[in-house]
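Have a look at final-v3.pdb below; it lists PDB, N, CA and C atoms, pLDDT in the B column.
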```
MODEL        1
ATOM      1  N   MET L   1      43.422 133.614 104.101  1.00 79.00           N
ATOM      2  CA  MET L   1      42.944 134.723 104.887  1.00 79.00           C
ATOM      3  C   MET L   1      44.030 135.792 104.904  1.00 79.00           C
ATOM      4  N   GLU L   2      43.678 136.996 104.703  1.00 85.00           N
ATOM      5  CA  GLU L   2      44.618 138.107 104.712  1.00 85.00           C
ATOM      6  C   GLU L   2      44.553 138.817 106.047  1.00 85.00           C
ATOM      7  N   VAL L   3      45.710 139.154 106.586  1.00 86.00           N
ATOM      8  CA  VAL L   3      45.786 139.929 107.823  1.00 86.00           C
ATOM      9  C   VAL L   3      46.628 141.169 107.539  1.00 86.00           C
ATOM     10  N   VAL L   4      46.452 142.194 108.347  1.00 89.00           N
ATOM     11  CA  VAL L   4      47.178 143.446 108.176  1.00 89.00           C
ATOM     12  C   VAL L   4      48.023 143.693 109.421  1.00 89.00           C
ATOM     13  N   LEU L   5      49.287 144.019 109.197  1.00 93.00           N
ATOM     14  CA  LEU L   5      50.162 144.375 110.312  1.00 93.00           C
ATOM     15  C   LEU L   5      49.806 145.777 110.765  1.00 93.00           C
ATOM     16  N   LYS L   6      49.742 145.977 112.091  1.00 94.00           N
ATOM     17  CA  LYS L   6      49.370 147.274 112.638  1.00 94.00           C
ATOM     18  C   LYS L   6      50.423 147.741 113.623  1.00 94.00           C
ATOM     19  N   LYS L   7      50.584 149.046 113.725  1.00 95.00           N
ATOM     20  CA  LYS L   7      51.508 149.640 114.681  1.00 95.00           C
ATOM     21  C   LYS L   7      50.828 149.711 116.036  1.00 95.00           C
ATOM     22  N   TYR L   8      51.540 149.280 117.085  1.00 93.00           N
ATOM     23  CA  TYR L   8      51.021 149.298 118.453  1.00 93.00           C
ATOM     24  C   TYR L   8      52.167 149.766 119.337  1.00 93.00           C
ATOM     25  N   GLY L   9      52.230 151.066 119.610  1.00 94.00           N
ATOM     26  CA  GLY L   9      53.373 151.625 120.332  1.00 94.00           C
ATOM     27  C   GLY L   9      54.615 151.498 119.464  1.00 94.00           C
ATOM     28  N   ASN L  10      55.682 150.922 120.023  1.00 95.00           N
ATOM     29  CA  ASN L  10      56.914 150.720 119.263  1.00 95.00           C
ATOM     30  C   ASN L  10      56.934 149.359 118.575  1.00 95.00           C
ATOM     31  N   SER L  11      55.872 148.594 118.703  1.00 94.00           N
ATOM     32  CA  SER L  11      55.817 147.248 118.137  1.00 94.00           C
ATOM     33  C   SER L  11      54.886 147.197 116.938  1.00 94.00           C
ATOM     34  N   THR L  12      54.992 146.119 116.201  1.00 95.00           N
ATOM     35  CA  THR L  12      54.067 145.846 115.105  1.00 95.00           C
ATOM     36  C   THR L  12      53.340 144.559 115.458  1.00 95.00           C
ATOM     37  N   VAL L  13      52.022 144.560 115.314  1.00 92.00           N
ATOM     38  CA  VAL L  13      51.222 143.409 115.729  1.00 92.00           C
ATOM     39  C   VAL L  13      50.414 142.871 114.557  1.00 92.00           C
ATOM     40  N   VAL L  14      50.019 141.627 114.670  1.00 89.00           N
ATOM     41  CA  VAL L  14      49.087 141.024 113.729  1.00 89.00           C
ATOM     42  C   VAL L  14      47.917 140.511 114.565  1.00 89.00           C
ATOM     43  N   VAL L  15      46.731 140.767 114.122  1.00 89.00           N
ATOM     44  CA  VAL L  15      45.525 140.338 114.833  1.00 89.00           C
ATOM     45  C   VAL L  15      45.077 139.003 114.256  1.00 89.00           C
ATOM     46  N   LEU L  16      44.949 138.000 115.112  1.00 89.00           N
ATOM     47  CA  LEU L  16      44.476 136.688 114.683  1.00 89.00           C
ATOM     48  C   LEU L  16      42.975 136.606 114.934  1.00 89.00           C
ATOM     49  N   PRO L  17      42.204 136.330 113.910  1.00 89.00           N
ATOM     50  CA  PRO L  17      40.748 136.240 114.067  1.00 89.00           C
ATOM     51  C   PRO L  17      40.358 135.095 115.023  1.00 89.00           C
ATOM     52  N   PRO L  18      39.191 135.209 115.663  1.00 91.00           N
ATOM     53  CA  PRO L  18      38.745 134.186 116.612  1.00 91.00           C
ATOM     54  C   PRO L  18      38.715 132.778 116.009  1.00 91.00           C
ATOM     55  N   GLY L  19      38.331 132.647 114.746  1.00 90.00           N
ATOM     56  CA  GLY L  19      38.281 131.326 114.116  1.00 90.00           C
ATOM     57  C   GLY L  19      39.649 130.671 114.036  1.00 90.00           C
ATOM     58  N   VAL L  20      40.656 131.461 113.733  1.00 87.00           N
ATOM     59  CA  VAL L  20      42.024 130.931 113.663  1.00 87.00           C
ATOM     60  C   VAL L  20      42.477 130.495 115.048  1.00 87.00           C
ATOM     61  N   LEU L  21      42.239 131.328 116.043  1.00 88.00           N
ATOM     62  CA  LEU L  21      42.610 130.963 117.420  1.00 88.00           C
ATOM     63  C   LEU L  21      41.902 129.675 117.843  1.00 88.00           C
ATOM     64  N   ARG L  22      40.643 129.570 117.511  1.00 91.00           N
ATOM     65  CA  ARG L  22      39.868 128.376 117.874  1.00 91.00           C
ATOM     66  C   ARG L  22      40.440 127.138 117.186  1.00 91.00           C
ATOM     67  N   ASN L  23      40.756 127.243 115.890  1.00 89.00           N
ATOM     68  CA  ASN L  23      41.315 126.109 115.152  1.00 89.00           C
ATOM     69  C   ASN L  23      42.671 125.669 115.697  1.00 89.00           C
ATOM     70  N   LEU L  24      43.434 126.628 116.207  1.00 85.00           N
ATOM     71  CA  LEU L  24      44.749 126.316 116.757  1.00 85.00           C
ATOM     72  C   LEU L  24      44.698 125.950 118.239  1.00 85.00           C
ATOM     73  N   GLY L  25      43.531 126.115 118.847  1.00 86.00           N
ATOM     74  CA  GLY L  25      43.403 125.823 120.274  1.00 86.00           C
ATOM     75  C   GLY L  25      44.122 126.847 121.138  1.00 86.00           C
ATOM     76  N   LEU L  26      44.157 128.086 120.681  1.00 88.00           N
ATOM     77  CA  LEU L  26      44.855 129.152 121.401  1.00 88.00           C
ATOM     78  C   LEU L  26      43.859 130.149 121.971  1.00 88.00           C
ATOM     79  N   SER L  27      44.334 130.909 122.961  1.00 89.00           N
ATOM     80  CA  SER L  27      43.522 131.994 123.499  1.00 89.00           C
ATOM     81  C   SER L  27      44.443 133.136 123.914  1.00 89.00           C
ATOM     82  N   ALA L  28      43.866 134.302 124.084  1.00 88.00           N
ATOM     83  CA  ALA L  28      44.637 135.484 124.459  1.00 88.00           C
ATOM     84  C   ALA L  28      45.350 135.248 125.788  1.00 88.00           C
ATOM     85  N   GLY L  29      46.579 135.719 125.889  1.00 89.00           N
ATOM     86  CA  GLY L  29      47.349 135.607 127.118  1.00 89.00           C
ATOM     87  C   GLY L  29      48.278 134.408 127.168  1.00 89.00           C
ATOM     88  N   GLU L  30      48.186 133.505 126.191  1.00 89.00           N
ATOM     89  CA  GLU L  30      49.075 132.337 126.186  1.00 89.00           C
ATOM     90  C   GLU L  30      50.479 132.744 125.760  1.00 89.00           C
ATOM     91  N   ALA L  31      51.498 132.140 126.382  1.00 89.00           N
ATOM     92  CA  ALA L  31      52.890 132.396 126.011  1.00 89.00           C
ATOM     93  C   ALA L  31      53.258 131.505 124.831  1.00 89.00           C
ATOM     94  N   MET L  32      53.776 132.123 123.779  1.00 90.00           N
ATOM     95  CA  MET L  32      54.149 131.398 122.568  1.00 90.00           C
ATOM     96  C   MET L  32      55.567 131.806 122.166  1.00 90.00           C
ATOM     97  N   THR L  33      56.213 130.981 121.349  1.00 90.00           N
ATOM     98  CA  THR L  33      57.481 131.370 120.742  1.00 90.00           C
ATOM     99  C   THR L  33      57.222 131.615 119.264  1.00 90.00           C
ATOM    100  N   LEU L  34      57.919 132.592 118.716  1.00 90.00           N
ATOM    101  CA  LEU L  34      57.753 132.960 117.317  1.00 90.00           C
ATOM    102  C   LEU L  34      59.119 132.900 116.657  1.00 90.00           C
ATOM    103  N   ASP L  35      59.209 132.215 115.534  1.00 93.00           N
ATOM    104  CA  ASP L  35      60.475 132.052 114.829  1.00 93.00           C
ATOM    105  C   ASP L  35      60.186 131.960 113.336  1.00 93.00           C
ATOM    106  N   THR L  36      61.220 131.878 112.544  1.00 95.00           N
ATOM    107  CA  THR L  36      61.065 131.650 111.113  1.00 95.00           C
ATOM    108  C   THR L  36      61.914 130.448 110.725  1.00 95.00           C
ATOM    109  N   ASN L  37      61.519 129.780 109.648  1.00 94.00           N
ATOM    110  CA  ASN L  37      62.310 128.654 109.166  1.00 94.00           C
ATOM    111  C   ASN L  37      63.102 129.082 107.933  1.00 94.00           C
ATOM    112  N   ASP L  38      63.848 128.151 107.353  1.00 95.00           N
ATOM    113  CA  ASP L  38      64.702 128.459 106.200  1.00 95.00           C
ATOM    114  C   ASP L  38      63.910 128.924 104.978  1.00 95.00           C
ATOM    115  N   GLN L  39      62.641 128.563 104.908  1.00 96.00           N
ATOM    116  CA  GLN L  39      61.807 128.969 103.777  1.00 96.00           C
ATOM    117  C   GLN L  39      61.155 130.337 104.007  1.00 96.00           C
ATOM    118  N   GLY L  40      61.449 130.981 105.124  1.00 93.00           N
ATOM    119  CA  GLY L  40      60.881 132.285 105.420  1.00 93.00           C
ATOM    120  C   GLY L  40      59.488 132.228 106.009  1.00 93.00           C
ATOM    121  N   GLN L  41      59.040 131.035 106.401  1.00 94.00           N
ATOM    122  CA  GLN L  41      57.715 130.893 107.001  1.00 94.00           C
ATOM    123  C   GLN L  41      57.785 131.199 108.490  1.00 94.00           C
ATOM    124  N   ILE L  42      56.702 131.747 109.003  1.00 90.00           N
ATOM    125  CA  ILE L  42      56.611 132.035 110.431  1.00 90.00           C
ATOM    126  C   ILE L  42      56.174 130.770 111.155  1.00 90.00           C
ATOM    127  N   VAL L  43      56.865 130.472 112.250  1.00 91.00           N
ATOM    128  CA  VAL L  43      56.548 129.298 113.056  1.00 91.00           C
ATOM    129  C   VAL L  43      56.134 129.790 114.443  1.00 91.00           C
ATOM    130  N   LEU L  44      54.905 129.511 114.812  1.00 87.00           N
ATOM    131  CA  LEU L  44      54.351 129.887 116.107  1.00 87.00           C
ATOM    132  C   LEU L  44      54.131 128.614 116.887  1.00 87.00           C
ATOM    133  N   ALA L  45      54.719 128.518 118.079  1.00 86.00           N
ATOM    134  CA  ALA L  45      54.613 127.289 118.868  1.00 86.00           C
ATOM    135  C   ALA L  45      54.388 127.631 120.334  1.00 86.00           C
ATOM    136  N   PRO L  46      53.716 126.733 121.064  1.00 83.00           N
ATOM    137  CA  PRO L  46      53.547 126.966 122.502  1.00 83.00           C
ATOM    138  C   PRO L  46      54.909 127.049 123.177  1.00 83.00           C
ATOM    139  N   LYS L  47      55.017 127.922 124.156  1.00 84.00           N
ATOM    140  CA  LYS L  47      56.264 128.050 124.900  1.00 84.00           C
ATOM    141  C   LYS L  47      56.496 126.763 125.680  1.00 84.00           C
ATOM    142  N   ARG L  48      57.708 126.227 125.561  1.00 83.00           N
ATOM    143  CA  ARG L  48      58.023 124.965 126.230  1.00 83.00           C
ATOM    144  C   ARG L  48      58.187 125.182 127.728  1.00 83.00           C
ATOM    145  N   LYS L  49      57.677 124.258 128.498  1.00 85.00           N
ATOM    146  CA  LYS L  49      57.852 124.278 129.948  1.00 85.00           C
ATOM    147  C   LYS L  49      58.830 123.178 130.295  1.00 85.00           C
ATOM    148  N   TYR L  50      59.916 123.563 130.938  1.00 88.00           N
ATOM    149  CA  TYR L  50      60.961 122.607 131.265  1.00 88.00           C
ATOM    150  C   TYR L  50      60.762 122.046 132.666  1.00 88.00           C
ATOM    151  N   VAL L  51      61.086 120.782 132.816  1.00 93.00           N
ATOM    152  CA  VAL L  51      61.063 120.114 134.114  1.00 93.00           C
ATOM    153  C   VAL L  51      62.495 119.671 134.378  1.00 93.00           C
ATOM    154  N   LEU L  52      63.030 120.017 135.543  1.00 95.00           N
ATOM    155  CA  LEU L  52      64.417 119.729 135.860  1.00 95.00           C
ATOM    156  C   LEU L  52      64.759 118.263 135.653  1.00 95.00           C
ATOM    157  N   ALA L  53      63.905 117.375 136.074  1.00 93.00           N
ATOM    158  CA  ALA L  53      64.179 115.943 135.933  1.00 93.00           C
ATOM    159  C   ALA L  53      64.335 115.552 134.463  1.00 93.00           C
ATOM    160  N   ASP L  54      63.542 116.150 133.573  1.00 92.00           N
ATOM    161  CA  ASP L  54      63.652 115.860 132.141  1.00 92.00           C
ATOM    162  C   ASP L  54      64.973 116.370 131.575  1.00 92.00           C
ATOM    163  N   LEU L  55      65.392 117.558 132.013  1.00 93.00           N
ATOM    164  CA  LEU L  55      66.657 118.114 131.539  1.00 93.00           C
ATOM    165  C   LEU L  55      67.836 117.271 132.015  1.00 93.00           C
ATOM    166  N   ILE L  56      67.802 116.854 133.259  1.00 92.00           N
ATOM    167  CA  ILE L  56      68.877 116.022 133.803  1.00 92.00           C
ATOM    168  C   ILE L  56      68.925 114.678 133.095  1.00 92.00           C
ATOM    169  N   ALA L  57      67.766 114.129 132.754  1.00 93.00           N
ATOM    170  CA  ALA L  57      67.714 112.832 132.074  1.00 93.00           C
ATOM    171  C   ALA L  57      68.406 112.894 130.714  1.00 93.00           C
ATOM    172  N   LYS L  58      68.488 114.066 130.107  1.00 93.00           N
ATOM    173  CA  LYS L  58      69.147 114.218 128.812  1.00 93.00           C
ATOM    174  C   LYS L  58      70.661 114.374 128.938  1.00 93.00           C
ATOM    175  N   CYS L  59      71.158 114.557 130.157  1.00 93.00           N
ATOM    176  CA  CYS L  59      72.586 114.770 130.366  1.00 93.00           C
ATOM    177  C   CYS L  59      73.347 113.449 130.341  1.00 93.00           C
ATOM    178  N   ASP L  60      74.562 113.511 129.816  1.00 93.00           N
ATOM    179  CA  ASP L  60      75.459 112.354 129.841  1.00 93.00           C
ATOM    180  C   ASP L  60      76.300 112.472 131.105  1.00 93.00           C
ATOM    181  N   LEU L  61      75.914 111.770 132.151  1.00 88.00           N
ATOM    182  CA  LEU L  61      76.605 111.879 133.430  1.00 88.00           C
ATOM    183  C   LEU L  61      78.005 111.283 133.389  1.00 88.00           C
ATOM    184  N   ALA L  62      78.316 110.506 132.351  1.00 92.00           N
ATOM    185  CA  ALA L  62      79.652 109.919 132.212  1.00 92.00           C
ATOM    186  C   ALA L  62      80.588 110.843 131.437  1.00 92.00           C
ATOM    187  N   ALA L  63      80.081 111.929 130.898  1.00 92.00           N
ATOM    188  CA  ALA L  63      80.914 112.851 130.123  1.00 92.00           C
ATOM    189  C   ALA L  63      81.894 113.567 131.046  1.00 92.00           C
ATOM    190  N   PRO L  64      83.129 113.775 130.584  1.00 90.00           N
ATOM    191  CA  PRO L  64      84.098 114.498 131.414  1.00 90.00           C
ATOM    192  C   PRO L  64      83.693 115.960 131.547  1.00 90.00           C
ATOM    193  N   PRO L  65      84.062 116.602 132.649  1.00 86.00           N
ATOM    194  CA  PRO L  65      83.725 118.022 132.811  1.00 86.00           C
ATOM    195  C   PRO L  65      84.539 118.866 131.824  1.00 86.00           C
ATOM    196  N   PRO L  66      84.042 120.050 131.485  1.00 88.00           N
ATOM    197  CA  PRO L  66      84.784 120.928 130.580  1.00 88.00           C
ATOM    198  C   PRO L  66      86.147 121.295 131.167  1.00 88.00           C
ATOM    199  N   ALA L  67      87.129 121.477 130.303  1.00 86.00           N
ATOM    200  CA  ALA L  67      88.492 121.774 130.760  1.00 86.00           C
ATOM    201  C   ALA L  67      88.550 123.065 131.562  1.00 86.00           C
ATOM    202  N   ASP L  68      87.802 124.087 131.178  1.00 87.00           N
ATOM    203  CA  ASP L  68      87.872 125.353 131.907  1.00 87.00           C
ATOM    204  C   ASP L  68      87.269 125.263 133.302  1.00 87.00           C
ATOM    205  N   LEU L  69      86.470 124.248 133.559  1.00 86.00           N
ATOM    206  CA  LEU L  69      85.900 124.069 134.893  1.00 86.00           C
ATOM    207  C   LEU L  69      86.982 123.682 135.898  1.00 86.00           C
ATOM    208  N   ALA L  70      88.047 123.054 135.437  1.00 82.00           N
ATOM    209  CA  ALA L  70      89.154 122.677 136.322  1.00 82.00           C
ATOM    210  C   ALA L  70      89.808 123.907 136.942  1.00 82.00           C
ATOM    211  N   LEU L  71      89.744 125.043 136.266  1.00 85.00           N
ATOM    212  CA  LEU L  71      90.324 126.271 136.803  1.00 85.00           C
ATOM    213  C   LEU L  71      89.651 126.693 138.104  1.00 85.00           C
ATOM    214  N   TRP L  72      88.377 126.378 138.255  1.00 84.00           N
ATOM    215  CA  TRP L  72      87.678 126.717 139.492  1.00 84.00           C
ATOM    216  C   TRP L  72      88.274 125.964 140.675  1.00 84.00           C
ATOM    217  N   ASP L  73      88.731 124.737 140.445  1.00 82.00           N
ATOM    218  CA  ASP L  73      89.326 123.964 141.525  1.00 82.00           C
ATOM    219  C   ASP L  73      90.648 124.565 141.979  1.00 82.00           C
ATOM    220  N   LEU L  74      91.326 125.296 141.102  1.00 84.00           N
ATOM    221  CA  LEU L  74      92.615 125.901 141.427  1.00 84.00           C
ATOM    222  C   LEU L  74      92.484 127.312 141.981  1.00 84.00           C
ATOM    223  N   ALA L  75      91.303 127.890 141.899  1.00 82.00           N
ATOM    224  CA  ALA L  75      91.100 129.275 142.316  1.00 82.00           C
ATOM    225  C   ALA L  75      91.238 129.425 143.823  1.00 82.00           C
ATOM    226  N   LYS L  76      91.826 130.533 144.224  1.00 81.00           N
ATOM    227  CA  LYS L  76      91.983 130.876 145.637  1.00 81.00           C
ATOM    228  C   LYS L  76      90.948 131.921 146.015  1.00 81.00           C
ATOM    229  N   PRO L  77      90.489 131.937 147.263  1.00 80.00           N
ATOM    230  CA  PRO L  77      89.532 132.955 147.690  1.00 80.00           C
ATOM    231  C   PRO L  77      90.136 134.351 147.542  1.00 80.00           C
ATOM    232  N   VAL L  78      89.300 135.309 147.130  1.00 84.00           N
ATOM    233  CA  VAL L  78      89.777 136.695 146.977  1.00 84.00           C
ATOM    234  C   VAL L  78      89.004 137.673 147.846  1.00 84.00           C
ATOM    235  N   GLY L  79      88.016 137.191 148.540  1.00 84.00           N
ATOM    236  CA  GLY L  79      87.192 138.066 149.379  1.00 84.00           C
ATOM    237  C   GLY L  79      86.771 137.332 150.630  1.00 84.00           C
ATOM    238  N   GLN L  80      85.507 137.356 150.912  1.00 83.00           N
ATOM    239  CA  GLN L  80      84.974 136.727 152.123  1.00 83.00           C
ATOM    240  C   GLN L  80      84.341 135.367 151.848  1.00 83.00           C
ATOM    241  N   GLU L  81      84.751 134.712 150.723  1.00 77.00           N
ATOM    242  CA  GLU L  81      84.186 133.416 150.391  1.00 77.00           C
ATOM    243  C   GLU L  81      84.532 132.379 151.457  1.00 77.00           C
ATOM    244  N   VAL L  82      83.643 131.459 151.644  1.00 76.00           N
ATOM    245  CA  VAL L  82      83.889 130.342 152.551  1.00 76.00           C
ATOM    246  C   VAL L  82      84.116 129.117 151.684  1.00 76.00           C
ATOM    247  N   TRP L  83      85.303 128.499 151.758  1.00 66.00           N
ATOM    248  CA  TRP L  83      85.642 127.357 150.920  1.00 66.00           C
ATOM    249  C   TRP L  83      85.692 126.116 151.751  1.00 66.00           C
TER
ENDMDL
END
```

Mind turning this structure into structure tokens?
Amino acid sequence: MEVVLKKYGNSTVVVLPPGVLRNLGLSAGEAMTLDTNDQGQIVLAPKRKYVLADLIAKCDLAAPPPADLALWDLAKPVGQEVW
């Protein structure tokens, strides 16, 4: 299927026909991410929704804190901070 890029204000858009949207299970207004791969192909994917518990589960709680974070422990108040 051939599509034509069109100018829309300062952006360039591509119109996806209803059949393509239906085959992909997409509809207007959905948030998607758009990227390219090493072969120059366009990759369109649903925008990921993050859940805090899932992100925390991926963390290594036994890992040491970054070295620059120790500087915060040595910092002195410079304004109206409550320590």

- Given the choices L:Gly29, L:Lys47, L:Val3, L:Pro66, which gets closest to L:Leu16 if the distance is worked out from only N, CA and C atoms?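 Closest residue, counting only N, CA and C atoms: L:Val3.
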
- Query: Taking the file as shown, what set of residues would the PyMOL selection byres (((chain L and resi 44 and name CA) around 12) and name CA) give back, as an MDAnalysis selection string?
  - Reply: chainID L and resid 21 24 26 30:37 41:43 45:48

- Item | strand (DSSP E) per DSSP on the backbone: members of chain L, as a list in words |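 Answer for chain L restricted to strand (DSSP E) is Leu5, Lys6, Lys7, Tyr8, Ser11, Thr12, Val13, Val14, Met32, Thr33, Leu34, Asp35, Thr36, Ile42, Val43, Leu44, Ala45 and Pro46 of chain L.
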
- Message: Report, in Å with one decimal, the straight-line distance from atom CA of L:Val15 to atom C of L:Glu2.
- Response: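 Separation between atom CA of L:Val15 and atom C of L:Glu2: 9.0 Å.
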
- atom C of L:Ala53 to atom N of L:Gly25: how many Å, to one decimal?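 Those two atoms sit 28.1 Å apart.
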
- Message: Report, in Å with one decimal, the straight-line distance from atom CA of L:Met1 to atom N of L:Pro17.
- Response: 9.2 Å

- Task: Please run DSSP on the backbone and report, as a list in words, all residues within chain L that come out as helix (DSSP H, G or I).
- Result: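 DSSP-assigned helix (DSSP H, G or I) residues in chain L: Pro18, Gly19, Val20, Leu21, Arg22, Asn23, Leu24, Leu52, Ala53, Asp54, Leu55, Ile56, Ala57, Ala67, Asp68, Leu69, Ala70, Leu71, Trp72, Asp73 and Leu74 of chain L.
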
Written file, previous selection with N, CA and C atoms, as an mmCIF file, in the frame of the given file:
```cif
data_model
loop_
_atom_site.group_PDB
_atom_site.id
_atom_site.type_symbol
_atom_site.label_atom_id
_atom_site.label_comp_id
_atom_site.auth_asym_id
_atom_site.auth_seq_id
_atom_site.Cartn_x
_atom_site.Cartn_y
_atom_site.Cartn_z
ATOM 1 N N PRO L 18 39.191 135.209 115.663
ATOM 2 C CA PRO L 18 38.745 134.186 116.612
ATOM 3 C C PRO L 18 38.715 132.778 116.009
ATOM 4 N N GLY L 19 38.331 132.647 114.746
ATOM 5 C CA GLY L 19 38.281 131.326 114.116
ATOM 6 C C GLY L 19 39.649 130.671 114.036
ATOM 7 N N VAL L 20 40.656 131.461 113.733
ATOM 8 C CA VAL L 20 42.024 130.931 113.663
ATOM 9 C C VAL L 20 42.477 130.495 115.048
ATOM 10 N N LEU L 21 42.239 131.328 116.043
ATOM 11 C CA LEU L 21 42.610 130.963 117.420
ATOM 12 C C LEU L 21 41.902 129.675 117.843
ATOM 13 N N ARG L 22 40.643 129.570 117.511
ATOM 14 C CA ARG L 22 39.868 128.376 117.874
ATOM 15 C C ARG L 22 40.440 127.138 117.186
ATOM 16 N N ASN L 23 40.756 127.243 115.890
ATOM 17 C CA ASN L 23 41.315 126.109 115.152
ATOM 18 C C ASN L 23 42.671 125.669 115.697
ATOM 19 N N LEU L 24 43.434 126.628 116.207
ATOM 20 C CA LEU L 24 44.749 126.316 116.757
ATOM 21 C C LEU L 24 44.698 125.950 118.239
ATOM 22 N N LEU L 52 63.030 120.017 135.543
ATOM 23 C CA LEU L 52 64.417 119.729 135.860
ATOM 24 C C LEU L 52 64.759 118.263 135.653
ATOM 25 N N ALA L 53 63.905 117.375 136.074
ATOM 26 C CA ALA L 53 64.179 115.943 135.933
ATOM 27 C C ALA L 53 64.335 115.552 134.463
ATOM 28 N N ASP L 54 63.542 116.150 133.573
ATOM 29 C CA ASP L 54 63.652 115.860 132.141
ATOM 30 C C ASP L 54 64.973 116.370 131.575
ATOM 31 N N LEU L 55 65.392 117.558 132.013
ATOM 32 C CA LEU L 55 66.657 118.114 131.539
ATOM 33 C C LEU L 55 67.836 117.271 132.015
ATOM 34 N N ILE L 56 67.802 116.854 133.259
ATOM 35 C CA ILE L 56 68.877 116.022 133.803
ATOM 36 C C ILE L 56 68.925 114.678 133.095
ATOM 37 N N ALA L 57 67.766 114.129 132.754
ATOM 38 C CA ALA L 57 67.714 112.832 132.074
ATOM 39 C C ALA L 57 68.406 112.894 130.714
ATOM 40 N N ALA L 67 87.129 121.477 130.303
ATOM 41 C CA ALA L 67 88.492 121.774 130.760
ATOM 42 C C ALA L 67 88.550 123.065 131.562
ATOM 43 N N ASP L 68 87.802 124.087 131.178
ATOM 44 C CA ASP L 68 87.872 125.353 131.907
ATOM 45 C C ASP L 68 87.269 125.263 133.302
ATOM 46 N N LEU L 69 86.470 124.248 133.559
ATOM 47 C CA LEU L 69 85.900 124.069 134.893
ATOM 48 C C LEU L 69 86.982 123.682 135.898
ATOM 49 N N ALA L 70 88.047 123.054 135.437
ATOM 50 C CA ALA L 70 89.154 122.677 136.322
ATOM 51 C C ALA L 70 89.808 123.907 136.942
ATOM 52 N N LEU L 71 89.744 125.043 136.266
ATOM 53 C CA LEU L 71 90.324 126.271 136.803
ATOM 54 C C LEU L 71 89.651 126.693 138.104
ATOM 55 N N TRP L 72 88.377 126.378 138.255
ATOM 56 C CA TRP L 72 87.678 126.717 139.492
ATOM 57 C C TRP L 72 88.274 125.964 140.675
ATOM 58 N N ASP L 73 88.731 124.737 140.445
ATOM 59 C CA ASP L 73 89.326 123.964 141.525
ATOM 60 C C ASP L 73 90.648 124.565 141.979
ATOM 61 N N LEU L 74 91.326 125.296 141.102
ATOM 62 C CA LEU L 74 92.615 125.901 141.427
ATOM 63 C C LEU L 74 92.484 127.312 141.981
#
```
